[in-house]
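Enquirer: First the structure, then my questions, so here it is.
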Amino acid sequence: LAGVMTWVLRSAPERIPVAFGTAFNLTDDTGKPITEQAFQGHPSLIFFGFTRCPEVCPTTLYEMAGWFDTVGEEGKPLKAFFFSVDPERDTPELMHNYAAAFTDRIVGITGDPAEVQKVMKSWRIFARKVPTEGGDYTMDHTASVLMLDSRGNFKGTIGHGVAAGSAVAKIREVLTSG
């Protein structure tokens with residue numbers, strides 16, 4: 001019985017798929033509509049952050065630009081998306097200018113706050129406003145980069161601050177996963 005239970009517990013995650021993501025209608029950083037169809041036909045990296053982020057977001061986007069440089073031509077099919085967790089302040093123009101400061105390979109996504117919340121919930125992304133002095137706020141949020149295969153299926157994460165070699169190895173796995 002113990003052997004059967006061990007087999008069931010070890011194999012259950014492979015037999016029971018966990019759904020991530022949802023249909024959405026948002027706006028890309030050029031002001032055009034964008035949907036979940038943007039994740040089809042190529043592997044993708046997805047990061048949730050905001051343009052007023054003091055440390056995690058600029059560091060992650062800088063590292064992401066480096067990953068693109070490292071994978072070179074092999075990574076040509078790879079796309080990257082930067083979803084705002086602060087759509088009340090992050091306009092398409094702000095998202096475009098912010099992402100473009102790091103690389104032209106990252107598409108900013110923002111839009112209706114309720115629609116953004118729906119997307120964050122579907123990807124199990126945490127974000128909340130944190131009040132600061134003077135009545136302003138910052139955002140506390142999940143800092144991992146999500147990896148999707150060419151069918152838009154979740155394949156894993158790259159943790160914040162992970163060594164570049166480890167991140168690139170994970171990206172290469174996604175590039176060859178189909």
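Residues in the structure tokens are numbered from 1 in each chain, the chains being A, B, ... in the order shown, and ligands are numbered from 1 in the order shown.
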Could you produce a table of the residues of range 2-97 of chain A lying within 10 Å of range 151-172 of chain A, with the nearest pair of atoms per residue and their separation in Å rounded to one decimal, using only C-alpha atoms, ordered by chain and increasing residue number, as CSV?
Expert:
residue,atom,partner,partner_atom,distance
A:Val18,CA,A:Phe154,CA,9.1
A:Ala19,CA,A:Phe154,CA,8.3
A:Phe20,CA,A:Phe154,CA,6.6
A:Gly21,CA,A:Phe154,CA,8.4
A:Glu36,CA,A:Gly152,CA,8.3
A:Gln37,CA,A:Gly152,CA,8.3
A:Ala38,CA,A:Gly152,CA,8.7
A:Phe39,CA,A:Gly152,CA,5.1
A:Gln40,CA,A:Arg151,CA,5.1
A:Gly41,CA,A:Arg151,CA,6.1
A:His42,CA,A:Arg151,CA,7.2
A:Pro43,CA,A:Gly152,CA,7.2
A:Ser44,CA,A:Gly152,CA,7.6
A:Leu45,CA,A:Ile171,CA,8.6
A:Ile46,CA,A:Thr157,CA,9.3
A:Phe47,CA,A:Ile158,CA,9.8
A:Val56,CA,A:His160,CA,7.6
A:Cys57,CA,A:His160,CA,9.5
A:Thr59,CA,A:Gly161,CA,8.4
A:Thr60,CA,A:His160,CA,6.9
A:Glu63,CA,A:Ala164,CA,7.6
A:Met64,CA,A:Ala167,CA,9.1
A:Gly66,CA,A:Ala164,CA,8.2
A:Trp67,CA,A:Val168,CA,6.0
A:Phe68,CA,A:Val168,CA,8.6
A:Thr70,CA,A:Val168,CA,7.4
A:Val71,CA,A:Val168,CA,7.0
A:Glu74,CA,A:Arg172,CA,8.2
A:Gly75,CA,A:Arg172,CA,7.8
A:Leu78,CA,A:Ile171,CA,8.8
Enquirer: Could you please write out, as a count of residues only, every residue of range 50-134 of chain A that DSSP assigns to strand (DSSP E or B)?
Expert: 16
Enquirer: For each of A:Thr142, A:Gln117, A:Thr91, A:Ser177, take the minimum atom-to-atom distance to Arg52 in chain A, counting only C-alpha atoms, then give the residue where this is smallest.
Expert: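 Once distances to Arg52 in chain A are computed over only C-alpha atoms, the minimum belongs to A:Thr91.
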Enquirer: Which is closer to Gly111 in chain A than all the others in A:Thr35, A:Thr27, A:Thr176, A:Thr22, using only C-alpha atoms?
Expert: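 Result for the nearest residue to Gly111 in chain A: A:Thr27.
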Enquirer: Can you tell me how far CA of Ile106 in chain A sits from CA of Arg128 in chain A, in Å to one decimal?
Expert: 23.4 Å
Enquirer: Under the rule that only C-alpha atoms are counted, which of A:Lys76, A:Thr30, A:Asp86, A:Ile125 is the nearest residue to Tyr137 in chain A?
Expert: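 Once distances to Tyr137 in chain A are computed over only C-alpha atoms, the minimum belongs to A:Asp86.
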Enquirer: Apply DSSP to the backbone of this structure and, from range 35-137 of chain A, keep only the residues in alpha helix (DSSP H); write these as a ChimeraX atom specification.
Expert: /A:56-71,92-100,113-122
Enquirer: Show me, as a ChimeraX atom specification, the residues that have an atom within 12 Å of Ala100 in chain A when counting only C-alpha atoms, minus same-chain residues fewer than 6 positions from it.
Expert: /A:29-30,51,58,61-62,65,80-82,92-94,106-108
Enquirer: Would you put the residues from that selection into a file with N, CA, C and O atoms, as an mmCIF file, in the first residue's frame?
Expert:
data_model
loop_
_atom_site.group_PDB
_atom_site.id
_atom_site.type_symbol
_atom_site.label_atom_id
_atom_site.label_comp_id
_atom_site.auth_asym_id
_atom_site.auth_seq_id
_atom_site.Cartn_x
_atom_site.Cartn_y
_atom_site.Cartn_z
ATOM 1 N N ASP A 29 2.197 48.278 -25.591
ATOM 2 C CA ASP A 29 2.873 49.560 -25.378
ATOM 3 C C ASP A 29 2.881 50.479 -26.598
ATOM 4 O O ASP A 29 3.431 51.578 -26.540
ATOM 5 N N THR A 30 2.252 50.046 -27.695
ATOM 6 C CA THR A 30 2.072 50.942 -28.843
ATOM 7 C C THR A 30 0.628 51.419 -28.928
ATOM 8 O O THR A 30 0.245 52.094 -29.886
ATOM 9 N N THR A 51 6.438 50.585 -13.787
ATOM 10 C CA THR A 51 7.460 51.521 -14.259
ATOM 11 C C THR A 51 8.080 52.372 -13.153
ATOM 12 O O THR A 51 9.165 52.907 -13.349
ATOM 13 N N PRO A 58 13.602 47.183 -12.801
ATOM 14 C CA PRO A 58 14.700 47.541 -13.700
ATOM 15 C C PRO A 58 15.802 46.485 -13.731
ATOM 16 O O PRO A 58 16.377 46.212 -14.782
ATOM 17 N N LEU A 61 14.445 43.524 -15.960
ATOM 18 C CA LEU A 61 14.431 43.842 -17.388
ATOM 19 C C LEU A 61 15.852 43.978 -17.939
ATOM 20 O O LEU A 61 16.117 43.569 -19.074
ATOM 21 N N TYR A 62 16.761 44.496 -17.145
ATOM 22 C CA TYR A 62 18.171 44.565 -17.544
ATOM 23 C C TYR A 62 18.729 43.152 -17.736
ATOM 24 O O TYR A 62 19.400 42.866 -18.735
ATOM 25 N N ALA A 65 17.337 41.541 -20.885
ATOM 26 C CA ALA A 65 18.044 42.014 -22.087
ATOM 27 C C ALA A 65 19.357 41.250 -22.261
ATOM 28 O O ALA A 65 19.723 40.871 -23.381
ATOM 29 N N ALA A 80 9.117 38.475 -25.229
ATOM 30 C CA ALA A 80 9.005 38.831 -23.813
ATOM 31 C C ALA A 80 7.907 39.866 -23.631
ATOM 32 O O ALA A 80 7.728 40.765 -24.465
ATOM 33 N N PHE A 81 7.176 39.717 -22.522
ATOM 34 C CA PHE A 81 6.050 40.592 -22.215
ATOM 35 C C PHE A 81 6.181 41.094 -20.776
ATOM 36 O O PHE A 81 6.456 40.304 -19.867
ATOM 37 N N PHE A 82 5.962 42.394 -20.605
ATOM 38 C CA PHE A 82 6.064 43.057 -19.308
ATOM 39 C C PHE A 82 4.688 43.612 -18.953
ATOM 40 O O PHE A 82 4.261 44.625 -19.505
ATOM 41 N N PRO A 92 0.312 53.068 -21.855
ATOM 42 C CA PRO A 92 1.077 52.394 -22.909
ATOM 43 C C PRO A 92 2.383 53.130 -23.236
ATOM 44 O O PRO A 92 3.426 52.487 -23.393
ATOM 45 N N GLU A 93 2.335 54.446 -23.315
ATOM 46 C CA GLU A 93 3.545 55.215 -23.634
ATOM 47 C C GLU A 93 4.624 55.037 -22.566
ATOM 48 O O GLU A 93 5.798 54.827 -22.879
ATOM 49 N N LEU A 94 4.238 55.105 -21.288
ATOM 50 C CA LEU A 94 5.205 54.873 -20.209
ATOM 51 C C LEU A 94 5.788 53.467 -20.294
ATOM 52 O O LEU A 94 6.992 53.278 -20.134
ATOM 53 N N ILE A 106 11.092 43.506 -25.551
ATOM 54 C CA ILE A 106 10.080 43.383 -24.503
ATOM 55 C C ILE A 106 8.880 44.250 -24.858
ATOM 56 O O ILE A 106 9.025 45.446 -25.117
ATOM 57 N N VAL A 107 7.694 43.650 -24.863
ATOM 58 C CA VAL A 107 6.448 44.369 -25.134
ATOM 59 C C VAL A 107 5.765 44.675 -23.801
ATOM 60 O O VAL A 107 5.492 43.758 -23.017
ATOM 61 N N GLY A 108 5.493 45.941 -23.558
ATOM 62 C CA GLY A 108 4.766 46.336 -22.360
ATOM 63 C C GLY A 108 3.275 46.114 -22.547
ATOM 64 O O GLY A 108 2.749 46.296 -23.642
#
Enquirer: Please determine, counting only C-alpha atoms, which residue among A:Glu55, A:Thr138, A:Leu26, A:Pro77 has the shortest atom-to-atom distance to Val174 in chain A.
Expert: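 Smallest separation from Val174 in chain A among the options: A:Pro77.
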Enquirer: Show me, as a tab-separated table (two decimals) with C-alpha atoms, in the first residue's frame, the residues that have an atom within 7 Å of Ala127 in chain A when counting only C-alpha atoms, minus same-chain residues fewer than 5 positions from it.
Expert:
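Output (around-v4.tsv):
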chain	number	residue	atom	x	y	z
A	85	VAL	CA	0.79	45.58	-11.91
A	139	MET	CA	3.83	48.11	-5.37
A	140	ASP	CA	4.89	44.88	-3.73
A	141	HIS	CA	4.73	42.09	-6.32
A	142	THR	CA	5.88	38.67	-7.47
